[in-house]
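Listing of model-v3.tsv, TSV, C-alpha atoms and all ligand atoms
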```
chain	number	residue	atom	x	y	z
A	16	MET	CA	-84.95	-102.55	-89.14
A	17	LYS	CA	-81.75	-104.48	-89.78
A	18	ALA	CA	-81.32	-106.65	-92.89
A	19	VAL	CA	-78.46	-108.43	-94.62
A	20	PHE	CA	-78.15	-107.61	-98.33
A	21	VAL	CA	-75.72	-107.17	-101.22
A	22	THR	CA	-75.48	-104.24	-103.60
A	23	GLU	CA	-72.59	-105.91	-105.46
A	24	PHE	CA	-72.11	-109.63	-106.00
A	25	GLY	CA	-69.09	-111.47	-104.64
A	26	GLY	CA	-67.60	-113.01	-101.51
A	27	VAL	CA	-68.82	-112.77	-97.92
A	28	GLU	CA	-67.18	-109.34	-97.65
A	29	LYS	CA	-69.96	-108.01	-99.89
A	30	LEU	CA	-72.62	-108.78	-97.27
A	31	ARG	CA	-74.00	-105.62	-95.62
A	32	HIS	CA	-75.81	-105.69	-92.28
A	33	GLU	CA	-77.51	-102.31	-92.17
A	34	ASP	CA	-80.75	-100.48	-91.52
A	35	VAL	CA	-83.41	-100.59	-94.23
A	36	PRO	CA	-87.00	-99.27	-94.15
A	37	VAL	CA	-89.64	-101.58	-92.67
A	38	PRO	CA	-91.50	-102.88	-95.75
A	39	GLU	CA	-95.25	-102.31	-96.16
A	40	PRO	CA	-97.20	-105.39	-97.30
A	41	LYS	CA	-98.63	-104.99	-100.80
A	42	ALA	CA	-101.82	-106.67	-101.99
A	43	GLY	CA	-101.46	-110.41	-101.52
A	44	GLU	CA	-98.58	-110.11	-99.05
A	45	ALA	CA	-98.24	-110.52	-95.30
A	46	ARG	CA	-95.52	-108.87	-93.23
A	47	VAL	CA	-93.92	-111.32	-90.86
A	48	GLN	CA	-91.70	-110.66	-87.89
A	49	VAL	CA	-88.89	-113.11	-88.61
A	50	HIS	CA	-88.09	-115.36	-85.64
A	51	ALA	CA	-85.43	-117.33	-87.53
A	52	ALA	CA	-84.18	-117.37	-91.11
A	53	GLY	CA	-82.77	-120.52	-92.67
A	54	VAL	CA	-79.37	-120.38	-94.35
A	55	ASN	CA	-79.23	-122.36	-97.58
A	56	PHE	CA	-76.71	-122.78	-100.35
A	57	ILE	CA	-79.04	-120.88	-102.68
A	58	ASP	CA	-78.25	-117.77	-100.60
A	59	VAL	CA	-74.61	-118.18	-101.60
A	60	TYR	CA	-75.63	-118.31	-105.28
A	61	PHE	CA	-77.61	-115.06	-104.91
A	62	ARG	CA	-74.68	-113.47	-103.05
A	63	THR	CA	-72.15	-114.41	-105.75
A	64	GLY	CA	-74.49	-113.62	-108.64
A	65	LEU	CA	-74.59	-117.21	-109.95
A	66	TYR	CA	-78.38	-116.87	-109.74
A	67	PRO	CA	-79.48	-113.57	-111.28
A	68	ALA	CA	-81.25	-110.86	-109.26
A	69	GLU	CA	-81.45	-107.07	-109.41
A	70	PRO	CA	-79.46	-105.47	-106.53
A	71	PRO	CA	-79.92	-104.52	-103.78
A	72	VAL	CA	-80.76	-108.12	-102.87
A	73	ILE	CA	-81.83	-108.95	-99.32
A	74	LEU	CA	-80.72	-112.57	-99.02
A	75	GLY	CA	-82.57	-115.52	-97.47
A	76	MET	CA	-85.24	-117.79	-98.93
A	77	GLU	CA	-86.70	-119.37	-95.82
A	78	GLY	CA	-87.92	-118.55	-92.36
A	79	ALA	CA	-90.54	-118.75	-89.67
A	80	GLY	CA	-92.16	-116.07	-87.58
A	81	VAL	CA	-95.36	-114.30	-86.63
A	82	VAL	CA	-97.61	-112.32	-88.99
A	83	GLU	CA	-97.90	-108.68	-87.91
A	84	ALA	CA	-99.74	-107.03	-90.83
A	85	VAL	CA	-101.44	-108.10	-94.05
A	86	GLY	CA	-102.00	-106.36	-97.37
A	87	SER	CA	-105.41	-105.95	-98.99
A	88	ASP	CA	-107.20	-109.13	-100.07
A	89	VAL	CA	-105.21	-111.45	-97.80
A	90	THR	CA	-107.63	-113.80	-96.06
A	91	THR	CA	-105.54	-116.92	-95.47
A	92	VAL	CA	-103.45	-115.52	-92.60
A	93	LYS	CA	-103.96	-112.78	-90.00
A	94	PRO	CA	-101.83	-110.90	-87.47
A	95	GLY	CA	-100.69	-113.21	-84.70
A	96	ASP	CA	-100.53	-116.36	-86.86
A	97	ARG	CA	-97.35	-118.43	-86.59
A	98	VAL	CA	-96.13	-119.14	-90.12
A	99	ALA	CA	-93.24	-120.55	-92.12
A	100	TRP	CA	-92.16	-120.23	-95.74
A	101	ALA	CA	-89.60	-121.19	-98.37
A	102	MET	CA	-88.62	-119.73	-101.75
A	103	ALA	CA	-89.64	-116.16	-100.89
A	104	ARG	CA	-86.52	-114.00	-100.92
A	105	GLY	CA	-85.67	-111.49	-98.18
A	106	SER	CA	-85.60	-113.58	-95.00
A	107	TYR	CA	-82.24	-112.26	-93.67
A	108	ALA	CA	-84.13	-109.39	-92.01
A	109	GLU	CA	-86.11	-108.50	-88.94
A	110	ARG	CA	-89.26	-108.33	-91.05
A	111	GLN	CA	-90.20	-109.72	-94.45
A	112	CYS	CA	-93.19	-109.21	-96.71
A	113	VAL	CA	-94.00	-112.69	-98.01
A	114	PRO	CA	-96.60	-113.55	-100.69
A	115	ALA	CA	-99.43	-115.00	-98.60
A	116	HIS	CA	-99.80	-117.98	-100.94
A	117	LEU	CA	-96.30	-119.13	-99.90
A	118	LEU	CA	-97.06	-119.04	-96.16
A	119	VAL	CA	-98.09	-122.13	-94.24
A	120	LYS	CA	-99.35	-122.03	-90.69
A	121	THR	CA	-97.14	-124.00	-88.33
A	122	PRO	CA	-98.58	-126.55	-85.90
A	123	ASP	CA	-98.92	-125.04	-82.38
A	124	ALA	CA	-96.59	-127.63	-80.91
A	125	LEU	CA	-93.82	-126.96	-83.44
A	126	ASP	CA	-90.94	-124.77	-82.33
A	127	LEU	CA	-90.42	-121.87	-84.77
A	128	ASP	CA	-86.69	-122.57	-85.05
A	129	LEU	CA	-87.46	-126.10	-86.14
A	130	ALA	CA	-90.05	-124.83	-88.63
A	131	ALA	CA	-87.53	-122.39	-90.11
A	132	ALA	CA	-84.95	-125.18	-90.25
A	133	SER	CA	-87.18	-127.60	-92.11
A	134	MET	CA	-89.21	-125.87	-94.79
A	135	LEU	CA	-86.77	-125.58	-97.66
A	136	GLN	CA	-84.64	-128.67	-97.10
A	137	GLY	CA	-87.50	-130.89	-95.89
A	138	MET	CA	-89.76	-130.04	-98.82
A	139	THR	CA	-86.80	-130.51	-101.20
A	140	ALA	CA	-86.24	-134.03	-99.88
A	141	HIS	CA	-89.98	-134.61	-100.20
A	142	TYR	CA	-90.25	-133.63	-103.85
A	143	LEU	CA	-87.03	-135.41	-104.83
A	144	THR	CA	-88.02	-138.74	-103.28
A	145	HIS	CA	-91.79	-138.56	-103.87
A	146	SER	CA	-92.14	-136.74	-107.20
A	147	THR	CA	-88.94	-136.25	-109.22
A	148	TYR	CA	-87.95	-139.88	-108.78
A	149	PRO	CA	-90.57	-141.55	-106.58
A	150	LEU	CA	-88.48	-144.19	-104.84
A	151	ARG	CA	-89.95	-147.65	-104.40
A	152	ALA	CA	-89.15	-150.15	-101.68
A	153	GLY	CA	-86.03	-152.13	-102.53
A	154	GLU	CA	-84.56	-149.55	-104.92
A	155	THR	CA	-81.16	-148.01	-104.27
A	156	ALA	CA	-80.37	-144.29	-104.15
A	157	LEU	CA	-77.00	-142.56	-104.11
A	158	VAL	CA	-77.08	-139.36	-102.04
A	159	HIS	CA	-74.19	-136.89	-102.18
A	160	ALA	CA	-73.41	-134.56	-99.22
A	161	ALA	CA	-75.44	-136.98	-97.10
A	162	ALA	CA	-74.47	-135.25	-93.83
A	163	GLY	CA	-75.48	-131.81	-95.13
A	164	GLY	CA	-78.70	-130.00	-94.33
A	165	THR	CA	-80.59	-131.22	-97.39
A	166	GLY	CA	-78.70	-134.52	-97.55
A	167	GLN	CA	-79.85	-135.68	-94.11
A	168	TRP	CA	-83.46	-135.01	-95.08
A	169	ILE	CA	-83.08	-136.92	-98.36
A	170	VAL	CA	-81.61	-139.93	-96.58
A	171	ALA	CA	-84.48	-139.95	-94.06
A	172	ALA	CA	-87.16	-139.53	-96.75
A	173	ALA	CA	-85.61	-142.25	-98.94
A	174	LYS	CA	-85.52	-144.68	-96.01
A	175	LEU	CA	-89.17	-143.89	-95.31
A	176	ARG	CA	-89.95	-145.06	-98.84
A	177	GLY	CA	-88.12	-148.32	-98.23
A	178	ALA	CA	-85.06	-147.63	-100.34
A	179	ARG	CA	-81.49	-148.64	-99.70
A	180	VAL	CA	-79.34	-145.53	-99.38
A	181	ILE	CA	-75.67	-145.10	-100.20
A	182	GLY	CA	-74.36	-141.76	-98.91
A	183	VAL	CA	-71.26	-139.84	-99.95
A	184	VAL	CA	-69.47	-137.54	-97.46
A	185	SER	CA	-66.01	-136.04	-97.02
A	186	THR	CA	-64.98	-137.01	-93.47
A	187	PRO	CA	-65.30	-139.95	-91.04
A	188	GLU	CA	-67.26	-137.68	-88.65
A	189	LYS	CA	-69.76	-136.92	-91.40
A	190	ALA	CA	-69.88	-140.63	-92.24
A	191	ASP	CA	-70.95	-141.44	-88.67
A	192	LEU	CA	-73.67	-138.81	-88.85
A	193	ALA	CA	-74.86	-140.05	-92.26
A	194	ARG	CA	-75.14	-143.60	-90.90
A	195	GLY	CA	-77.00	-142.25	-87.89
A	196	VAL	CA	-79.71	-140.68	-90.06
A	197	GLY	CA	-80.18	-143.88	-92.04
A	198	CYS	CA	-77.51	-144.46	-94.69
A	199	ASP	CA	-77.02	-148.18	-95.27
A	200	GLU	CA	-73.55	-147.58	-96.70
A	201	VAL	CA	-71.29	-144.55	-96.80
A	202	ILE	CA	-68.55	-143.77	-99.31
A	203	LEU	CA	-65.90	-141.13	-98.59
A	204	THR	CA	-65.15	-138.53	-101.26
A	205	SER	CA	-61.50	-139.65	-101.07
A	206	GLU	CA	-62.57	-143.03	-102.52
A	207	GLU	CA	-63.37	-143.84	-106.16
A	208	ILE	CA	-67.13	-143.30	-105.96
A	209	ALA	CA	-68.46	-145.09	-109.06
A	210	PRO	CA	-66.40	-148.31	-108.66
A	211	GLU	CA	-67.39	-148.41	-104.99
A	212	VAL	CA	-71.08	-148.00	-105.90
A	213	LYS	CA	-70.75	-150.79	-108.48
A	214	ARG	CA	-69.15	-153.02	-105.86
A	215	LEU	CA	-71.92	-152.32	-103.36
A	216	THR	CA	-74.61	-153.06	-105.97
A	217	GLU	CA	-73.06	-156.25	-107.42
A	218	GLY	CA	-72.16	-154.37	-110.60
A	219	ARG	CA	-75.68	-153.18	-111.22
A	220	GLY	CA	-75.54	-149.47	-110.34
A	221	VAL	CA	-78.13	-147.38	-108.50
A	222	ASP	CA	-81.66	-146.54	-109.59
A	223	VAL	CA	-81.26	-142.83	-108.88
A	224	VAL	CA	-78.56	-140.34	-107.92
A	225	TYR	CA	-79.53	-137.24	-105.95
A	226	ASP	CA	-76.56	-134.97	-106.67
A	227	SER	CA	-76.36	-131.55	-104.99
A	228	VAL	CA	-72.62	-131.14	-105.43
A	229	GLY	CA	-72.68	-130.50	-109.19
A	230	LYS	CA	-69.47	-130.08	-111.14
A	231	ALA	CA	-67.14	-132.16	-108.94
A	232	THR	CA	-69.35	-135.26	-108.76
A	233	TRP	CA	-71.04	-135.16	-112.17
A	234	GLU	CA	-68.99	-137.84	-113.88
A	235	ALA	CA	-68.95	-140.17	-110.85
A	236	SER	CA	-72.72	-139.84	-110.54
A	237	LEU	CA	-73.36	-140.75	-114.17
A	238	ASN	CA	-71.03	-143.74	-113.86
A	239	SER	CA	-72.86	-144.95	-110.73
A	240	LEU	CA	-76.25	-145.32	-112.44
A	241	LYS	CA	-77.84	-148.51	-113.69
A	242	PRO	CA	-78.97	-148.53	-117.33
A	243	ARG	CA	-82.14	-146.39	-117.59
A	244	GLY	CA	-81.50	-144.94	-114.13
A	245	MET	CA	-82.19	-141.32	-113.28
A	246	MET	CA	-79.65	-138.58	-112.70
A	247	VAL	CA	-81.13	-135.84	-110.53
A	248	THR	CA	-78.68	-132.94	-110.43
A	249	PHE	CA	-80.21	-130.38	-108.11
A	250	GLY	CA	-77.37	-128.19	-106.84
A	251	ASN	CA	-74.02	-126.54	-107.52
A	252	ALA	CA	-72.13	-126.67	-104.20
A	253	SER	CA	-68.87	-127.29	-106.13
A	254	GLY	CA	-69.89	-125.20	-109.15
A	255	PRO	CA	-72.43	-125.60	-111.95
A	256	VAL	CA	-72.23	-128.59	-114.29
A	257	ASP	CA	-70.89	-127.90	-117.79
A	258	PRO	CA	-73.28	-128.13	-120.77
A	259	VAL	CA	-74.00	-131.72	-121.86
A	260	ALA	CA	-74.67	-133.40	-125.21
A	261	PRO	CA	-77.86	-135.54	-125.30
A	262	LEU	CA	-75.93	-138.40	-126.94
A	263	MET	CA	-74.04	-138.83	-123.64
A	264	LEU	CA	-77.30	-140.02	-122.04
A	265	SER	CA	-77.43	-142.94	-124.43
A	266	GLN	CA	-73.75	-143.77	-123.96
A	267	LYS	CA	-74.21	-143.89	-120.17
A	268	GLY	CA	-77.03	-146.44	-120.50
A	269	SER	CA	-80.11	-144.60	-121.85
A	270	ILE	CA	-80.24	-142.70	-118.59
A	271	PHE	CA	-82.66	-139.91	-117.67
A	272	LEU	CA	-81.48	-136.46	-116.63
A	273	THR	CA	-83.35	-133.76	-114.75
A	274	ARG	CA	-82.35	-130.51	-113.05
A	275	PRO	CA	-85.26	-129.65	-110.72
A	276	THR	CA	-85.91	-126.81	-108.32
A	277	LEU	CA	-88.24	-126.60	-105.32
A	278	ALA	CA	-90.22	-123.63	-106.65
A	279	HIS	CA	-91.63	-125.71	-109.52
A	280	TYR	CA	-92.63	-128.51	-107.14
A	281	THR	CA	-94.52	-126.18	-104.77
A	282	ALA	CA	-96.05	-123.88	-107.38
A	283	LYS	CA	-99.56	-125.20	-106.82
A	284	ARG	CA	-101.00	-124.43	-103.41
A	285	GLU	CA	-102.18	-128.05	-102.94
A	286	GLU	CA	-98.67	-129.28	-103.62
A	287	LEU	CA	-97.13	-126.82	-101.16
A	288	GLU	CA	-99.61	-127.84	-98.48
A	289	TRP	CA	-99.04	-131.55	-99.14
A	290	ARG	CA	-95.26	-131.27	-98.84
A	291	ALA	CA	-95.28	-128.87	-95.86
A	292	SER	CA	-97.78	-130.97	-93.90
A	293	ASP	CA	-95.80	-134.16	-94.59
A	294	VAL	CA	-92.64	-132.42	-93.36
A	295	PHE	CA	-94.42	-131.22	-90.20
A	296	ASN	CA	-95.71	-134.76	-89.62
A	297	TRP	CA	-92.21	-136.16	-90.13
A	298	LEU	CA	-90.92	-133.74	-87.50
A	299	ARG	CA	-93.68	-134.77	-85.10
A	300	ASP	CA	-93.00	-138.46	-85.72
A	301	GLY	CA	-89.22	-138.12	-85.47
A	302	VAL	CA	-88.54	-139.32	-89.04
A	303	LEU	CA	-85.56	-136.98	-88.87
A	304	LYS	CA	-84.21	-135.38	-85.74
A	305	VAL	CA	-83.15	-132.10	-87.34
A	306	ARG	CA	-79.64	-131.20	-86.36
A	307	ILE	CA	-79.22	-127.44	-85.91
A	308	HIS	CA	-75.56	-126.86	-86.62
A	309	GLU	CA	-75.60	-123.32	-85.18
A	310	VAL	CA	-77.91	-120.35	-84.67
A	311	TYR	CA	-75.93	-117.29	-85.80
A	312	ALA	CA	-76.84	-113.68	-85.07
A	313	LEU	CA	-78.15	-111.93	-88.20
A	314	GLY	CA	-74.99	-109.82	-88.34
A	315	GLU	CA	-72.92	-113.01	-88.53
A	316	ALA	CA	-74.35	-114.08	-91.88
A	317	GLY	CA	-70.87	-113.85	-93.37
A	318	ARG	CA	-69.48	-116.36	-90.91
A	319	ALA	CA	-72.44	-118.65	-91.59
A	320	HIS	CA	-71.82	-118.50	-95.35
A	321	ALA	CA	-68.10	-119.13	-94.87
A	322	ASP	CA	-68.83	-122.17	-92.71
A	323	LEU	CA	-71.34	-123.56	-95.24
A	324	GLU	CA	-69.06	-122.99	-98.23
A	325	GLY	CA	-66.09	-124.30	-96.27
A	326	ARG	CA	-67.83	-127.69	-95.75
A	327	ARG	CA	-67.55	-127.21	-92.00
A	328	THR	CA	-71.26	-127.73	-91.22
A	329	MET	CA	-73.41	-130.77	-90.55
A	330	GLY	CA	-77.08	-129.89	-90.59
A	331	LYS	CA	-79.01	-126.67	-90.52
A	332	LEU	CA	-77.73	-123.12	-90.11
A	333	LEU	CA	-80.13	-120.47	-88.81
A	334	LEU	CA	-79.87	-116.70	-88.47
A	335	ARG	CA	-81.51	-114.90	-85.57
A	336	PRO	CA	-82.61	-111.35	-86.49
B	1	LIG	P1	-75.21	-128.58	-97.27
B	1	LIG	O1	-75.52	-128.51	-95.82
B	1	LIG	O2	-75.45	-129.85	-97.99
B	1	LIG	O3	-73.70	-128.14	-97.45
B	1	LIG	C1	-73.04	-128.38	-98.66
B	1	LIG	C2	-72.24	-129.68	-98.61
B	1	LIG	O4	-71.88	-130.03	-99.93
B	1	LIG	C3	-70.95	-129.58	-97.85
B	1	LIG	O5	-71.09	-129.76	-96.46
B	1	LIG	C4	-70.13	-130.67	-98.49
B	1	LIG	O6	-70.35	-131.93	-97.86
B	1	LIG	C5	-70.69	-130.76	-99.91
B	1	LIG	N1	-69.73	-130.23	-100.88
B	1	LIG	C6	-69.08	-130.98	-101.79
B	1	LIG	N2	-68.27	-130.22	-102.52
B	1	LIG	C7	-68.36	-128.97	-102.04
B	1	LIG	C8	-67.72	-127.75	-102.37
B	1	LIG	N3	-66.81	-127.67	-103.35
B	1	LIG	N4	-68.04	-126.65	-101.66
B	1	LIG	C9	-68.95	-126.71	-100.68
B	1	LIG	N5	-69.58	-127.84	-100.34
B	1	LIG	C10	-69.29	-128.98	-101.01
B	1	LIG	O7	-75.97	-127.37	-98.01
B	1	LIG	P2	-77.52	-127.26	-98.37
B	1	LIG	O8	-78.26	-128.39	-97.78
B	1	LIG	O9	-77.95	-125.87	-98.11
B	1	LIG	O10	-77.52	-127.42	-99.95
B	1	LIG	C11	-76.95	-128.55	-100.57
B	1	LIG	C12	-77.15	-128.42	-102.05
B	1	LIG	O11	-78.51	-128.69	-102.38
B	1	LIG	C13	-76.79	-127.08	-102.67
B	1	LIG	O12	-76.15	-127.32	-103.88
B	1	LIG	C14	-78.15	-126.46	-102.91
B	1	LIG	O13	-78.14	-125.55	-103.93
B	1	LIG	C15	-78.97	-127.69	-103.25
B	1	LIG	N6	-80.40	-127.50	-103.07
B	1	LIG	C16	-81.18	-127.48	-104.19
B	1	LIG	C17	-82.54	-127.36	-104.09
B	1	LIG	C18	-83.38	-127.48	-105.32
B	1	LIG	O14	-84.61	-127.50	-105.23
B	1	LIG	N7	-82.80	-127.59	-106.49
B	1	LIG	C19	-83.19	-127.11	-102.79
B	1	LIG	C20	-82.28	-127.22	-101.66
B	1	LIG	C21	-80.93	-127.38	-101.82
B	1	LIG	P3	-69.10	-132.96	-97.81
B	1	LIG	O15	-68.04	-132.24	-97.04
B	1	LIG	O16	-69.64	-134.16	-97.10
B	1	LIG	O17	-68.72	-133.25	-99.23
```

Using structure tokens, write down the structure from this file.
Ligand code: NDP
Amino acid sequence: MKAVFVTEFGGVEKLRHEDVPVPEPKAGEARVQVHAAGVNFIDVYFRTGLYPAEPPVILGMEGAGVVEAVGSDVTTVKPGDRVAWAMARGSYAERQCVPAHLLVKTPDALDLDLAAASMLQGMTAHYLTHSTYPLRAGETALVHAAAGGTGQWIVAAAKLRGARVIGVVSTPEKADLARGVGCDEVILTSEEIAPEVKRLTEGRGVDVVYDSVGKATWEASLNSLKPRGMMVTFGNASGPVDPVAPLMLSQKGSIFLTRPTLAHYTAKREELEWRASDVFNWLRDGVLKVRIHEVYALGEAGRAHADLEGRRTMGKLLLRP
């Protein structure tokens, strides 16, 4: 079968699209025929080596497809089941062996492309807005990369909780899209972000910042918070944030700082099922009309990564094995 993997870390030129053996499911695993794999920024981090892994590394942390074989002691899924998953690595492939406890069955009416497009980013928006900082009606959130795949989900989930949302994006086209998915206000990256946030909040600052951009927006995010607000730094699209001194938190207004990841918010099966079923319900109810930026052939993973890193995408990128 064909898979996309790296044996050395680096740029898109390190991606290899080659034949690998069809994997046999071990105990606790199910082998899935991958209908679509989601492309996420985390795949870039595994490609470059920012996130450690032992090569060869088949990339991809998300997908949807049909179970074709199960290992011993797997009772939760069976061949023929339509399933989706996130945070199990190896999805850039025709087949993937996924730990069965990470698989959720997809509703019959849900298109498998849409399922693959929604698991990782939808559940991320869910945990950020419902658990990391559970937004309350009337609170204000600042959302960076609001027209991105994850950003659009966060905006929609925050609006569902009754919050006011200020989005940050880099272009007028992205600003239109961000407003379309629910942003009450949009700031362009060419503007001074923190002063603009202060102006929009009558000098108060926001209750929470959801920052996926990392290094480039760190300072602006801290300066946009109200006293005792929460800084949620959950990504490194512009590079990882430098080490910080705890005293800084006091100087910025006794703020709270967290650096969460989806895996820890779906570690318990009940939590995974709660988030996945909410995301499926949101899709059914049209809380967010997921925008598929492009479905790339598996062998075009390099072009997909270049587009994502080049800030040329608005919404979800999928690979078709
Ligand atoms: P996006 O679709 O959001 O694409 C990234 C966007 O980030 C770009 O479109 C761009 O939007 C913005 N950006 C700002 N600076 C840069 C830069 N220097 N290089 C590239 N992009 C930049 O990607 P994803 O939705 O896949 O991921 C967004 C972020 O969320 C990533 O950092 C990812 O790691 C993180 N994430 C974290 C999770 C977690 O649990 N911790 C789970 C899911 C995602 P613009 O042009 O408008 O500035």

Please identify every residue of chain A that has at least one atom no farther than 8 Å from an atom of ligand LIG 1 (chain B), counting only C-alpha atoms and all ligand atoms, and for each give the shortest atom pair and the distance in Å to one decimal, arranged by chain then increasing number, as CSV.
```
residue,atom,partner,partner_atom,distance
A:Val54,CA,B:LIG1,O9,6.8
A:Asn55,CA,B:LIG1,O9,3.8
A:Phe56,CA,B:LIG1,O9,4.0
A:Ile57,CA,B:LIG1,O13,4.9
A:Tyr60,CA,B:LIG1,O13,7.8
A:Leu135,CA,B:LIG1,C20,6.2
A:Gln136,CA,B:LIG1,C20,5.3
A:Thr139,CA,B:LIG1,C19,5.2
A:His159,CA,B:LIG1,O17,7.2
A:Ala160,CA,B:LIG1,O6,4.3
A:Ala161,CA,B:LIG1,O16,6.4
A:Ala162,CA,B:LIG1,O16,5.9
A:Gly163,CA,B:LIG1,O1,3.4
A:Gly164,CA,B:LIG1,O1,3.8
A:Thr165,CA,B:LIG1,O8,3.7
A:Gly166,CA,B:LIG1,O2,5.7
A:Val183,CA,B:LIG1,O16,6.6
A:Val184,CA,B:LIG1,O16,3.4
A:Ser185,CA,B:LIG1,O16,4.1
A:Thr186,CA,B:LIG1,O16,6.6
A:Lys189,CA,B:LIG1,O16,6.3
A:Thr204,CA,B:LIG1,O17,6.7
A:Asp226,CA,B:LIG1,O11,7.9
A:Ser227,CA,B:LIG1,C12,4.4
A:Val228,CA,B:LIG1,C6,5.1
A:Gly229,CA,B:LIG1,O12,7.1
A:Ala231,CA,B:LIG1,N2,6.8
A:Thr248,CA,B:LIG1,N7,7.8
A:Phe249,CA,B:LIG1,N7,4.1
A:Gly250,CA,B:LIG1,O12,3.3
A:Asn251,CA,B:LIG1,O12,4.3
A:Ala252,CA,B:LIG1,O12,4.1
A:Ser253,CA,B:LIG1,N3,3.5
A:Gly254,CA,B:LIG1,N3,7.0
A:Arg274,CA,B:LIG1,N7,7.2
A:Pro275,CA,B:LIG1,N7,5.3
A:Thr276,CA,B:LIG1,O14,3.4
A:Leu277,CA,B:LIG1,O14,3.7
A:Ala278,CA,B:LIG1,O14,7.0
A:Leu323,CA,B:LIG1,O3,5.6
A:Glu324,CA,B:LIG1,C9,4.5
A:Gly325,CA,B:LIG1,C9,5.8
A:Arg326,CA,B:LIG1,O5,3.9
A:Arg327,CA,B:LIG1,O5,6.2
A:Thr328,CA,B:LIG1,O5,5.6
A:Met329,CA,B:LIG1,O1,6.1
A:Gly330,CA,B:LIG1,O1,5.6
A:Lys331,CA,B:LIG1,O1,6.6
```

Residue with smallest distance to Ala235 in chain A - pool A:Val212, A:Met102, A:Leu313, A:Ala124, counting only C-alpha atoms =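 Using only C-alpha atoms, the shortest distance to Ala235 in chain A belongs to A:Val212.
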
With only C-alpha atoms counted, which protein, DNA or RNA residues have an atom no more than 12 Å from (-74.2, -112.3, -107.3) in the file frame? Please answer as a PyMOL selection string.
-> chain A and resi 20-27+29-30+57-74

Show which residues sit within 9 Å of Ile181 in chain A, as a JSON list (two decimals) with C-alpha atoms, in the frame of the given file. Count all atoms listed in the file, and ignore same-chain residues fewer than 3 positions away.
```
[["chain", "number", "residue", "atom", "x", "y", "z"],
["A", 155, "THR", "CA", -81.16, -148.01, -104.27],
["A", 156, "ALA", "CA", -80.37, -144.29, -104.15],
["A", 157, "LEU", "CA", -77.00, -142.56, -104.11],
["A", 158, "VAL", "CA", -77.08, -139.36, -102.04],
["A", 159, "HIS", "CA", -74.19, -136.89, -102.18],
["A", 161, "ALA", "CA", -75.44, -136.98, -97.10],
["A", 170, "VAL", "CA", -81.61, -139.93, -96.58],
["A", 198, "CYS", "CA", -77.51, -144.46, -94.69],
["A", 199, "ASP", "CA", -77.02, -148.18, -95.27],
["A", 200, "GLU", "CA", -73.55, -147.58, -96.70],
["A", 201, "VAL", "CA", -71.29, -144.55, -96.80],
["A", 202, "ILE", "CA", -68.55, -143.77, -99.31],
["A", 212, "VAL", "CA", -71.08, -148.00, -105.90],
["A", 215, "LEU", "CA", -71.92, -152.32, -103.36],
["A", 221, "VAL", "CA", -78.13, -147.38, -108.50]]
```

CA of Glu28 in chain A to CA of Val256 in chain A, distance in Å rounded to a single decimal = 25.9 Å

Within 9 Å of range 295-310 of chain A, counting all atoms listed in the file, which residues qualify if same-chain residues fewer than 5 places away don't, as a VMD selection string?
-> chain A and resid 51 121 to 122 124 to 125 128 to 130 132 to 134 137 164 167 to 168 171 to 172 175 196 290 319 328 to 335

Closest of A:Val119, A:Ala316, A:Ala131, A:Leu237 to Leu264 in chain A, counting all atoms listed in the file, is A:Leu237

A:Gly268, A:Gly43, A:Pro36, A:Pro336 ranked by distance to Ala79 in chain A, top pick (using all atoms listed in the file) |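 Using all atoms listed in the file, Ala79 in chain A sits closest to A:Pro336.
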
Can you list, as a PyMOL selection string, every protein, DNA or RNA residue that comes within 6 Å of range 177-179 of chain A when you count all atoms listed in the file, leaving out same-chain residues fewer than 4 positions away?
-> chain A and resi 152-155+173

Residue with smallest distance to Met16 in chain A - pool A:Glu206, A:Asp88, A:Glu77, A:Glu109, counting all atoms listed in the file =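 Nearest to Met16 in chain A: A:Glu109.
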
Skipping near chain neighbours, those fewer than 5 positions away, what residues fall within 9 Å of Asp34 in chain A using all atoms listed in the file, listed as a PyMOL selection string?
-> chain A and resi 16-19

Would you mind telling me which residue in A:Gly80, A:Gly244, A:Pro261, A:Pro40 lies nearest to Trp100 in chain A when using only C-alpha atoms?
->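 Closest residue, counting only C-alpha atoms: A:Gly80.
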
Could you please determine the separation between CA of Met246 in chain A and CA of Glu286 in chain A in Å, to one decimal place?
-> 23.0 Å

CA of Ile270 in chain A sits from CA of Ser236 in chain A at a separation of 11.4 Å
